[in-house]
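Source file: start.txt (compact mmCIF, C-alpha atoms and all ligand atoms)
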# COMPACT_ATOMS: atom_id res chain seq x y z
CA MET A 1 97.17 77.55 116.35
CA GLN A 2 95.55 75.99 113.27
CA ARG A 3 96.49 77.59 109.96
CA LEU A 4 93.70 79.48 108.19
CA LYS A 5 92.76 77.41 105.14
CA VAL A 6 92.15 79.84 102.29
CA VAL A 7 90.94 79.00 98.80
CA ALA A 8 91.94 81.86 96.48
CA VAL A 9 90.01 81.93 93.21
CA VAL A 10 91.23 83.54 89.99
CA GLY A 11 90.01 83.25 86.43
CA ALA A 12 90.72 86.17 84.15
CA ARG A 13 93.70 88.31 83.26
CA PRO A 14 92.93 91.23 85.61
CA ASN A 15 92.80 88.82 88.57
CA PHE A 16 96.36 87.62 88.26
CA MET A 17 98.16 90.84 89.25
CA LYS A 18 95.79 91.15 92.23
CA ILE A 19 96.40 87.68 93.64
CA ALA A 20 100.18 87.59 93.15
CA PRO A 21 101.18 89.82 96.11
CA LEU A 22 98.85 87.88 98.41
CA LEU A 23 100.44 84.58 97.45
CA TRP A 24 103.93 86.01 97.99
CA ALA A 25 102.90 87.42 101.37
CA ALA A 26 101.16 84.19 102.46
CA GLY A 27 104.34 82.30 101.54
CA ARG A 28 106.14 84.40 104.15
CA ARG A 29 103.62 83.35 106.83
CA PRO A 30 103.50 79.55 106.47
CA ASP A 31 102.50 79.09 110.10
CA SER A 32 99.40 81.24 109.75
CA PHE A 33 98.02 80.51 106.28
CA GLU A 34 97.50 77.63 103.93
CA PHE A 35 96.55 79.03 100.52
CA ARG A 36 95.10 76.80 97.81
CA LEU A 37 94.92 78.42 94.38
CA VAL A 38 92.00 77.64 92.08
CA HIS A 39 92.07 78.82 88.47
CA THR A 40 88.63 78.74 86.87
CA GLY A 41 90.00 78.87 83.29
CA GLN A 42 87.78 81.83 82.30
CA HIS A 43 90.79 83.11 80.35
CA TYR A 44 92.74 80.36 78.64
CA ASP A 45 94.89 81.80 75.81
CA LYS A 46 98.61 81.62 76.60
CA ASN A 47 99.08 85.37 76.36
CA MET A 48 96.01 86.14 78.51
CA ASN A 49 97.07 83.66 81.10
CA GLU A 50 100.24 81.52 81.34
CA VAL A 51 102.58 84.41 80.69
CA PHE A 52 101.16 86.22 83.73
CA PHE A 53 101.70 83.21 85.96
CA GLN A 54 105.32 82.91 84.80
CA GLU A 55 106.18 86.60 85.07
CA LEU A 56 104.38 87.29 88.33
CA GLY A 57 105.88 84.23 89.98
CA ILE A 58 102.47 82.71 90.70
CA ARG A 59 102.79 79.03 91.37
CA GLU A 60 100.92 76.47 89.30
CA PRO A 61 97.24 76.47 90.45
CA ASP A 62 96.42 73.60 92.79
CA ILE A 63 93.17 73.09 90.91
CA HIS A 64 92.24 74.06 87.37
CA LEU A 65 88.51 74.12 86.59
CA GLY A 66 88.99 74.64 82.83
CA VAL A 67 85.61 76.28 82.20
CA GLY A 68 86.57 78.39 79.14
CA SER A 69 84.24 80.76 77.28
CA GLY A 70 80.49 80.91 77.09
CA SER A 71 77.60 83.25 77.77
CA HIS A 72 77.65 84.89 81.18
CA ALA A 73 75.19 82.36 82.55
CA GLU A 74 77.10 79.40 81.09
CA GLN A 75 80.46 80.64 82.30
CA THR A 76 79.23 81.53 85.78
CA ALA A 77 77.26 78.30 86.15
CA ARG A 78 80.15 76.08 85.01
CA ILE A 79 82.45 77.74 87.55
CA MET A 80 79.85 77.26 90.29
CA VAL A 81 79.30 73.57 89.59
CA ALA A 82 83.02 72.82 89.46
CA LEU A 83 84.00 74.94 92.46
CA GLU A 84 81.25 73.53 94.65
CA LYS A 85 82.78 70.05 94.24
CA VAL A 86 86.22 71.38 95.19
CA LEU A 87 84.94 73.04 98.37
CA VAL A 88 82.81 70.07 99.39
CA GLU A 89 85.68 67.60 98.93
CA ASP A 90 88.19 69.71 100.81
CA PRO A 91 86.49 72.38 102.95
CA ALA A 92 88.12 75.78 103.47
CA ASP A 93 87.91 78.36 106.26
CA LEU A 94 87.73 81.22 103.78
CA VAL A 95 87.28 81.83 100.06
CA LEU A 96 89.20 84.83 98.83
CA VAL A 97 88.13 86.55 95.61
CA VAL A 98 89.54 89.58 93.80
CA GLY A 99 88.12 92.09 91.33
CA ASP A 100 84.85 91.86 89.46
CA VAL A 101 84.95 89.18 86.80
CA ASN A 102 82.49 86.32 86.41
CA SER A 103 84.83 84.03 88.36
CA THR A 104 84.65 86.43 91.33
CA LEU A 105 80.87 86.35 91.43
CA ALA A 106 80.60 82.59 90.91
CA ALA A 107 83.03 81.86 93.74
CA ALA A 108 81.25 84.21 96.17
CA LEU A 109 77.90 82.54 95.44
CA VAL A 110 79.22 79.02 95.89
CA ALA A 111 81.10 79.82 99.10
CA SER A 112 78.13 81.61 100.65
CA LYS A 113 75.75 78.72 100.03
CA LEU A 114 78.27 76.37 101.62
CA HIS A 115 78.53 78.74 104.62
CA VAL A 116 82.17 79.45 103.91
CA PRO A 117 82.99 83.13 104.55
CA THR A 118 84.21 85.13 101.55
CA ALA A 119 86.75 87.94 101.57
CA HIS A 120 86.53 90.33 98.62
CA VAL A 121 89.64 92.24 97.64
CA GLU A 122 88.79 95.44 95.72
CA ALA A 123 85.35 95.77 97.26
CA GLY A 124 83.06 98.79 97.11
CA LEU A 125 83.77 99.96 93.56
CA ARG A 126 80.61 101.19 91.85
CA SER A 127 80.05 102.61 88.38
CA ARG A 128 76.29 102.87 89.01
CA ASP A 129 75.85 101.42 85.53
CA ARG A 130 74.21 98.02 85.58
CA ARG A 131 74.72 97.61 81.85
CA MET A 132 78.24 96.54 82.80
CA PRO A 133 78.37 92.88 83.80
CA GLU A 134 81.19 93.77 86.21
CA GLU A 135 78.86 96.11 88.15
CA ILE A 136 76.47 93.23 88.83
CA ASN A 137 79.43 91.06 89.83
CA ARG A 138 80.70 93.75 92.23
CA MET A 139 77.33 94.36 93.87
CA VAL A 140 76.47 90.72 94.47
CA THR A 141 79.97 89.77 95.60
CA ASP A 142 80.06 92.63 98.11
CA CYS A 143 76.62 91.80 99.39
CA LEU A 144 77.69 88.22 100.12
CA SER A 145 81.18 88.83 101.46
CA GLU A 146 82.08 88.68 105.12
CA VAL A 147 85.17 90.90 104.79
CA LEU A 148 85.34 93.75 102.30
CA PHE A 149 88.85 94.99 101.53
CA THR A 150 88.63 98.39 99.88
CA THR A 151 91.03 100.46 97.80
CA SER A 152 89.94 103.97 98.84
CA ARG A 153 87.65 106.00 101.09
CA LEU A 154 85.22 106.47 98.20
CA ALA A 155 84.70 102.70 98.10
CA ASP A 156 84.08 102.67 101.87
CA ARG A 157 81.48 105.36 101.41
CA ASN A 158 79.70 103.34 98.70
CA LEU A 159 79.45 100.33 100.98
CA LEU A 160 78.29 102.32 103.99
CA ALA A 161 75.62 103.97 101.84
CA GLU A 162 74.37 100.49 100.89
CA GLY A 163 74.01 99.63 104.58
CA VAL A 164 77.06 97.42 104.98
CA PRO A 165 77.98 97.20 108.67
CA PRO A 166 81.23 99.19 109.15
CA GLU A 167 82.96 96.28 110.87
CA ARG A 168 82.90 94.32 107.61
CA ILE A 169 84.76 97.07 105.73
CA CYS A 170 88.50 97.33 105.84
CA LEU A 171 90.41 100.02 103.91
CA VAL A 172 93.71 98.50 102.83
CA GLY A 173 94.55 100.29 99.56
CA ASN A 174 95.11 99.08 96.01
CA ILE A 175 96.65 95.63 95.73
CA MET A 176 97.40 95.97 92.02
CA ILE A 177 99.80 98.76 92.90
CA ASP A 178 101.75 96.30 95.12
CA THR A 179 102.49 94.32 91.96
CA LEU A 180 103.24 97.40 89.90
CA ILE A 181 105.72 98.74 92.45
CA HIS A 182 107.37 95.34 92.73
CA PHE A 183 107.94 95.03 88.97
CA LEU A 184 108.44 98.63 87.86
CA ASP A 185 112.25 98.58 87.70
CA ARG A 186 112.25 95.29 85.86
CA ALA A 187 109.67 96.58 83.37
CA GLU A 188 111.64 99.77 82.79
CA GLY A 189 114.69 97.71 81.92
CA ARG A 190 112.91 95.97 79.05
CA ASP A 191 113.15 97.05 75.43
CA THR A 192 109.46 96.54 74.62
CA PRO A 193 108.91 99.97 72.99
CA GLU A 194 112.02 99.56 70.83
CA ARG A 195 111.03 96.04 69.79
CA LEU A 196 107.75 97.45 68.52
CA GLY A 197 109.53 100.28 66.72
CA LEU A 198 108.40 102.97 69.17
CA LYS A 199 110.23 105.91 70.69
CA ARG A 200 110.03 106.26 74.47
CA GLY A 201 107.63 109.05 75.39
CA GLY A 202 106.52 109.26 71.76
CA TYR A 203 103.45 107.07 71.36
CA ALA A 204 99.91 106.44 72.59
CA LEU A 205 99.07 103.04 74.08
CA VAL A 206 95.56 101.76 73.33
CA THR A 207 93.51 98.89 74.78
CA LEU A 208 89.86 98.11 74.12
CA HIS A 209 87.77 95.15 75.19
CA ARG A 210 84.56 96.32 76.81
CA PRO A 211 81.52 94.81 75.06
CA GLY A 212 79.86 98.26 75.10
CA ASN A 213 82.69 99.56 72.88
CA VAL A 214 83.75 96.64 70.76
CA ASP A 215 80.58 94.65 70.03
CA ASP A 216 78.83 97.47 68.16
CA ALA A 217 80.03 98.13 64.60
CA ALA A 218 79.19 101.85 64.53
CA LYS A 219 80.73 102.59 67.91
CA LEU A 220 83.88 100.59 67.24
CA GLY A 221 84.17 102.14 63.77
CA GLY A 222 83.99 105.63 65.30
CA ILE A 223 86.72 104.83 67.82
CA ILE A 224 88.95 103.34 65.11
CA ASP A 225 88.47 106.46 62.92
CA THR A 226 89.67 108.67 65.76
CA LEU A 227 92.59 106.39 66.61
CA CYS A 228 93.71 106.58 62.97
CA ARG A 229 93.41 110.38 63.11
CA ILE A 230 95.50 110.55 66.29
CA SER A 231 98.08 108.17 64.81
CA ARG A 232 98.94 110.73 62.13
CA GLU A 233 100.24 113.00 64.91
CA LEU A 234 101.39 110.47 67.49
CA PRO A 235 102.16 106.80 66.77
CA VAL A 236 99.64 104.42 68.30
CA VAL A 237 100.37 100.94 69.66
CA PHE A 238 97.37 98.68 70.16
CA PRO A 239 97.65 95.24 71.83
CA VAL A 240 94.38 93.63 70.76
CA HIS A 241 92.22 91.65 73.22
CA PRO A 242 90.80 88.40 71.70
CA ARG A 243 87.22 89.67 71.92
CA THR A 244 88.22 92.85 70.07
CA ARG A 245 90.24 91.00 67.45
CA GLY A 246 87.11 89.00 66.69
CA THR A 247 84.80 91.98 66.26
CA LEU A 248 87.38 94.11 64.39
CA ALA A 249 87.72 91.28 61.90
CA ALA A 250 83.96 90.73 61.67
CA PHE A 251 83.32 94.43 60.97
CA GLY A 252 86.15 94.69 58.41
CA LEU A 253 88.06 97.15 60.62
CA PHE A 254 91.18 95.09 61.21
CA GLU A 255 92.58 95.66 57.70
CA ARG A 256 91.83 99.35 58.06
CA LEU A 257 94.10 99.49 61.13
CA GLU A 258 96.76 97.34 59.44
CA ARG A 259 96.92 99.78 56.53
CA GLU A 260 97.37 102.83 58.80
CA PRO A 261 101.13 103.59 58.92
CA GLY A 262 101.07 105.18 62.40
CA VAL A 263 99.27 102.22 64.02
CA THR A 264 101.16 99.21 65.40
CA LEU A 265 98.93 96.25 66.15
CA ALA A 266 100.20 93.73 68.68
CA GLU A 267 99.11 90.61 70.51
CA PRO A 268 97.91 91.01 74.11
CA GLN A 269 101.10 91.73 76.05
CA GLY A 270 102.45 90.01 79.14
CA TYR A 271 102.53 91.94 82.40
CA LEU A 272 106.10 93.23 82.14
CA ASP A 273 105.86 94.21 78.48
CA PHE A 274 102.57 95.99 79.06
CA LEU A 275 103.95 97.84 82.07
CA SER A 276 107.00 98.79 80.05
CA LEU A 277 104.76 100.12 77.27
CA MET A 278 102.57 102.02 79.71
CA ARG A 279 105.54 103.52 81.56
CA SER A 280 107.06 104.97 78.39
CA SER A 281 103.86 106.11 76.71
CA ARG A 282 102.92 109.75 76.17
CA LEU A 283 99.30 108.90 76.85
CA VAL A 284 96.98 105.92 77.25
CA ILE A 285 93.57 105.43 75.64
CA SER A 286 91.60 102.57 77.15
CA ASP A 287 88.29 101.24 78.43
CA SER A 288 89.89 99.06 81.10
CA GLY A 289 89.27 99.35 84.84
CA GLY A 290 92.73 98.63 86.20
CA ILE A 291 94.61 100.76 83.67
CA GLN A 292 92.87 103.85 85.02
CA GLU A 293 94.52 103.10 88.36
CA GLU A 294 97.92 102.10 87.01
CA THR A 295 98.21 105.28 84.93
CA THR A 296 97.17 107.32 87.97
CA TYR A 297 99.97 105.77 89.98
CA LEU A 298 102.45 106.33 87.12
CA LYS A 299 101.08 109.84 86.46
CA ILE A 300 100.58 109.06 82.77
CA PRO A 301 97.59 110.84 81.14
CA CYS A 302 94.73 108.41 80.56
CA LEU A 303 91.68 108.94 78.33
CA THR A 304 88.99 106.45 79.29
CA LEU A 305 86.46 105.50 76.63
CA ARG A 306 83.56 105.10 79.02
CA GLU A 307 80.70 107.24 80.28
CA ASN A 308 81.32 106.37 83.91
CA THR A 309 83.87 104.76 86.14
CA GLU A 310 83.85 102.68 89.29
CA ARG A 311 87.22 104.27 90.07
CA PRO A 312 86.33 107.99 90.35
CA GLU A 313 89.40 108.77 92.47
CA THR A 314 91.49 108.34 89.30
CA VAL A 315 89.57 111.26 87.78
CA GLU A 316 89.30 113.33 90.95
CA PHE A 317 92.90 112.96 92.17
CA GLY A 318 94.66 111.19 89.30
CA THR A 319 95.50 111.64 85.63
CA ASN A 320 92.37 110.00 84.21
CA LEU A 321 89.57 111.64 82.22
CA LEU A 322 86.30 110.07 81.07
CA ILE A 323 85.76 110.67 77.36
CA GLY A 324 82.50 108.79 76.74
CA HIS A 325 82.20 107.79 73.09
CA ASP A 326 82.68 111.09 71.32
CA GLY A 327 85.46 110.79 68.73
CA ASP A 328 86.02 114.55 68.45
CA ARG A 329 86.38 114.86 72.21
CA LEU A 330 88.89 112.02 72.24
CA TYR A 331 90.92 113.73 69.54
CA GLU A 332 90.75 117.15 71.27
CA GLN A 333 91.85 115.75 74.62
CA ALA A 334 94.70 113.80 73.04
CA ARG A 335 95.76 117.06 71.37
CA ARG A 336 95.56 118.84 74.73
CA ILE A 337 97.91 116.29 76.27
CA LEU A 338 100.36 116.74 73.38
CA ASP A 339 100.20 120.50 73.92
CA GLY A 340 101.24 119.97 77.54
CA GLY A 341 97.94 120.95 79.14
CA TRP A 342 97.30 117.99 81.42
CA LYS A 343 96.69 117.68 85.16
CA ALA A 344 99.67 116.42 87.15
CA GLY A 345 97.75 114.00 89.42
CA GLY A 346 98.44 113.29 93.10
CA GLU A 347 99.25 110.41 95.45
CA LEU A 348 96.53 108.09 96.70
CA GLU A 349 96.34 106.97 100.28
CA PHE A 350 97.58 103.39 100.87
CA TRP A 351 98.57 102.80 97.24
CA ASP A 352 101.97 102.04 98.69
CA GLY A 353 102.99 98.43 97.97
CA ARG A 354 102.01 97.14 101.43
CA VAL A 355 98.41 96.16 100.76
CA ALA A 356 98.87 92.37 100.79
CA GLU A 357 100.53 92.53 104.22
CA ARG A 358 97.66 94.63 105.56
CA ILE A 359 95.13 92.13 104.21
CA LEU A 360 96.86 89.18 105.87
CA ASP A 361 97.23 91.11 109.16
CA GLU A 362 93.50 91.75 109.09
CA LEU A 363 92.62 88.13 108.30
CA GLU A 364 94.78 87.00 111.23
CA ARG A 365 93.02 89.50 113.46
CA ARG A 366 89.63 88.17 112.34
CA ARG A 367 90.56 84.50 112.48
CA ASP A 368 88.22 83.61 115.38
CA ARG A 369 85.24 85.26 113.77
CA LEU A 370 85.95 83.70 110.37
CA THR A 371 86.21 80.22 111.82
CA ALA A 372 83.21 80.56 114.17
CA PRO A 373 80.31 78.14 113.53
CA PRO A 374 77.75 79.31 110.91
CA ALA A 375 75.10 79.72 113.61
CA GLU A 376 77.21 82.47 115.18
CA ARG A 377 78.18 84.19 111.95
CA LEU A 378 75.21 83.82 109.66
CA VAL A 379 72.12 84.30 111.79
CA ASP A 380 70.76 87.78 112.57
CA THR A 381 73.22 89.49 110.25
CA GLY A 382 70.95 92.55 109.97
CA ALA A 383 68.86 93.61 106.99
CA ARG A 384 70.69 94.50 103.77
CA LEU A 385 69.42 95.39 100.29
C1 LIG B 401 86.77 89.71 81.16
C2 LIG B 401 86.06 90.34 82.36
C3 LIG B 401 86.39 91.82 82.41
C4 LIG B 401 87.88 92.07 82.33
C5 LIG B 401 88.43 91.39 81.09
C6 LIG B 401 89.92 91.61 80.92
C7 LIG B 401 83.86 89.42 83.02
C8 LIG B 401 82.42 89.65 82.99
N1 LIG B 401 84.62 90.22 82.24
O1 LIG B 401 86.20 90.22 80.00
O2 LIG B 401 85.89 92.33 83.64
O3 LIG B 401 88.14 93.45 82.30
O4 LIG B 401 88.15 89.99 81.20
O5 LIG B 401 90.49 90.83 79.95
O6 LIG B 401 84.31 88.54 83.72
N2 LIG B 401 88.75 84.90 74.84
C9 LIG B 401 89.79 84.28 74.19
N3 LIG B 401 90.87 83.91 74.91
C10 LIG B 401 90.95 84.13 76.25
C11 LIG B 401 89.88 84.75 76.89
C12 LIG B 401 88.79 85.14 76.18
O7 LIG B 401 89.75 84.08 72.98
O8 LIG B 401 91.95 83.75 76.86
C13 LIG B 401 87.56 85.33 74.08
C14 LIG B 401 86.33 84.54 74.53
O9 LIG B 401 86.18 83.41 73.77
C15 LIG B 401 85.22 85.52 74.34
C16 LIG B 401 85.88 86.86 74.54
O10 LIG B 401 87.29 86.67 74.40
O11 LIG B 401 84.73 85.46 73.03
C17 LIG B 401 85.54 87.46 75.88
O12 LIG B 401 86.02 86.68 76.97
P1 LIG B 401 85.32 86.75 78.42
O13 LIG B 401 86.08 85.97 79.40
O14 LIG B 401 83.88 86.47 78.26
O15 LIG B 401 85.34 88.26 78.84
P2 LIG B 401 86.36 89.44 78.60
O16 LIG B 401 85.82 90.33 77.55
O17 LIG B 401 87.77 88.96 78.46
Give the structure from this file in structure tokens form.
Amino acid sequence: MQRLKVVAVVGARPNFMKIAPLLWAAGRRPDSFEFRLVHTGQHYDKNMNEVFFQELGIREPDIHLGVGSGSHAEQTARIMVALEKVLVEDPADLVLVVGDVNSTLAAALVASKLHVPTAHVEAGLRSRDRRMPEEINRMVTDCLSEVLFTTSRLADRNLLAEGVPPERICLVGNIMIDTLIHFLDRAEGRDTPERLGLKRGGYALVTLHRPGNVDDAAKLGGIIDTLCRISRELPVVFPVHPRTRGTLAAFGLFERLEREPGVTLAEPQGYLDFLSLMRSSRLVISDSGGIQEETTYLKIPCLTLRENTERPETVEFGTNLLIGHDGDRLYEQARRILDGGWKAGGELEFWDGRVAERILDELERRRDRLTAPPAERLVDTGARL
């Protein structure tokens, strides 16, 4: 049988931990899959990028598009133009995309127009907040994808409610947790907290990068005030995303944080160091998507600085709580955690370290359909949207 030719597309930091287990698993099935890895270059700093490839054992990308930063339209368009050439020169049976970044959307658009089926890993997440660029990316990518690999039953329900035919949906679980499980022992063995002068179990870990939080001076100032307040009771470590470093500096808030004795500012951390920091933290304060899931798996309390989440199972069954943007509420909930009054959190179905294998099993099962001529796959697909 012919191997399934897959082009896997990644671009930004949160993609790398999602693709790694699939590349490892595909490497164990060389007779069934030929994976080509395309890196769009959406993230390009060493510590947002190279360090993840090294630590996660991801091989050098076969193709690097080198698109870099820009407005959403510029970034998305540059990826599309460059990726189209790649797929025309060397056609693929399937384009595989993960997550919800601009690279995900751009790849799904290009593949669809070339009649190449797309598989979306981490499909069906919805915040119902179209102010988030990621929500647009998720909706469009799901709409265009032939196979939708979901993390939970809530995601399945979202897709079904949008009219997606059930046969396109496949509940496999959370692929990021495959990576976390694989590296947890190694991360625990690192001395990252000590190197940053922190006591295990005795600090809060903070990340912030969402434009809605960091691009507005008043909002960011309010968050920083509360973080300083918390740091007088519990040391705070804050690896600063490049976007956030830029706006903190522009708003004169960076020096404020540097002067605060309980706050440790750090560069964006590699995967293992970040996991080590998360594992040993007393609590996490963040506006990230993936960290809500990782803390749920680790059963670490997480305060999410957002009004909504596309990952509601982390609130319903896990250790996550949505704080919105109210500084007093953030402080009160951090206090509550320190006083021992936090929910324990439960296990999530299929967040078990076997997601990549399930995805490849499913792709093998669907091979005939995926490689069928466009006239059989793409005509009379039923009304959607
Ligand atoms: C992107 C994703 C977001 C993800 C986040 C994690 C989209 C729409 N957003 O947001 O879903 O949660 O990554 O990191 O795709 N920059 C650097 N060095 C880098 C990367 C970025 O300096 O390596 C700067 C850029 O120049 C830009 C800013 O950071 O000014 C934002 O980068 P961008 O890729 O637009 O989005 P993120 O905020 O990182």
Give me the residues within 8 Å of Leu159 of chain A as number ranges by chain, counting all atoms listed in the file and dropping any in the same chain fewer than 4 places off.
-> A: 124, 155, 163-164, 169
Which residue gives the smallest distance to ligand LIG 401 (chain B) among A:Ser276, A:Ser288, A:Thr118, A:Thr141, with all atoms listed in the file counted?
-> A:Ser288
Near ligand LIG 401 (chain B), 10 Å: chain A residue rows, closest pairs, all atoms listed in the file, as CSV:
residue,atom,partner,partner_atom,distance
A:Gly11,CA,B:LIG401,O6,8.2
A:Ala12,CA,B:LIG401,O4,5.5
A:Arg13,CA,B:LIG401,O5,5.3
A:Pro14,CA,B:LIG401,C6,5.6
A:Asn15,CA,B:LIG401,C4,8.6
A:Gly41,CA,B:LIG401,O8,8.3
A:Gln42,CA,B:LIG401,O13,5.3
A:His43,CA,B:LIG401,O8,3.7
A:Tyr44,CA,B:LIG401,O8,3.9
A:Asp45,CA,B:LIG401,O8,3.7
A:Lys46,CA,B:LIG401,O8,7.0
A:Asn47,CA,B:LIG401,O8,7.3
A:Met48,CA,B:LIG401,O8,5.0
A:Asn49,CA,B:LIG401,O8,6.6
A:Glu50,CA,B:LIG401,O8,9.7
A:Gly68,CA,B:LIG401,O9,7.4
A:Ser69,CA,B:LIG401,O9,4.8
A:Gly70,CA,B:LIG401,O14,6.6
A:Ser71,CA,B:LIG401,O14,7.1
A:His72,CA,B:LIG401,C8,7.0
A:Gln75,CA,B:LIG401,O14,7.9
A:Thr76,CA,B:LIG401,O6,8.9
A:Gly99,CA,B:LIG401,O2,8.0
A:Asp100,CA,B:LIG401,O2,5.9
A:Val101,CA,B:LIG401,O6,3.2
A:Asn102,CA,B:LIG401,O6,3.9
A:Ser103,CA,B:LIG401,O6,6.5
A:Thr104,CA,B:LIG401,O6,7.9
A:Leu105,CA,B:LIG401,O6,8.7
A:Met132,CA,B:LIG401,C8,8.1
A:Pro133,CA,B:LIG401,C8,5.2
A:Glu134,CA,B:LIG401,C8,5.4
A:Glu135,CA,B:LIG401,C8,9.0
A:Ile136,CA,B:LIG401,C8,9.1
A:Asn137,CA,B:LIG401,C8,7.6
A:Leu208,CA,B:LIG401,O5,9.3
A:His209,CA,B:LIG401,O16,5.7
A:Arg210,CA,B:LIG401,O16,6.2
A:Pro211,CA,B:LIG401,O16,6.7
A:Val214,CA,B:LIG401,O16,9.5
A:His241,CA,B:LIG401,O5,7.0
A:Pro242,CA,B:LIG401,O7,4.6
A:Arg243,CA,B:LIG401,O10,3.9
A:Thr244,CA,B:LIG401,O10,7.6
A:Arg245,CA,B:LIG401,O10,8.7
A:Gly246,CA,B:LIG401,O11,7.6
A:Thr247,CA,B:LIG401,O11,9.4
A:Pro268,CA,B:LIG401,O5,9.4
A:Asp287,CA,B:LIG401,O3,8.7
A:Ser288,CA,B:LIG401,O3,6.0
A:Gly289,CA,B:LIG401,O3,6.5
A:Gly290,CA,B:LIG401,O3,7.9
A:Ile291,CA,B:LIG401,O3,9.9
Pick from A:Ile323, A:Leu56, A:Ile175, A:Ala107 nearest to Leu22 of chain A, counting all atoms listed in the file =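 Ranking A:Ile323, A:Leu56, A:Ile175, A:Ala107 by distance to Leu22 of chain A, first place goes to A:Ile175.
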Distance query Met1 of chain A at most 12 Å, only C-alpha atoms, self and fewer than 6 positions along chain excluded, as an NGL selection string = :A and (30-33 or 364 or 367-368)
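Taking only C-alpha atoms into account, Arg279 of chain A lies nearest to A:Leu180 out of the set A:Leu196, A:Cys228, A:Leu180, A:Cys143.
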Of the candidates A:Thr264, A:Gln333, A:Asn213, A:Ser280, which one gets nearest to Leu305 of chain A if we count only C-alpha atoms?
-> A:Asn213
Atom CA of Val116 of chain A to atom CA of His64 of chain A measures 20.1 Å
Considering only C-alpha atoms, return as a list in words whatever protein or nucleic-acid residues lie within 10 Å of Glu122 of chain A, sequence-local ones (same chain, fewer than 5 positions apart) excluded.
-> Lys18, Val97, Val98, Gly99, Asp100, Arg138, Asp142, Leu148, Phe149, Thr150, Thr151, Ser152, Ala155, Leu171, Val172, Gly173, Asn174, Ile175 and Met176 of chain A
Can you work out which one of A:Gly327, A:Pro117, A:Gly340, A:Pro312 has the shortest atom-to-atom distance to Leu94 of chain A, counting all atoms listed in the file?
->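 Closest to Leu94 of chain A, using all atoms listed in the file: A:Pro117.
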Please indicate the distance in Å from atom CA of Val237 of chain A to atom CA of Val263 of chain A, rounded to one decimal place.
->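 Atom CA of Val237 of chain A sits 5.9 Å away from atom CA of Val263 of chain A.
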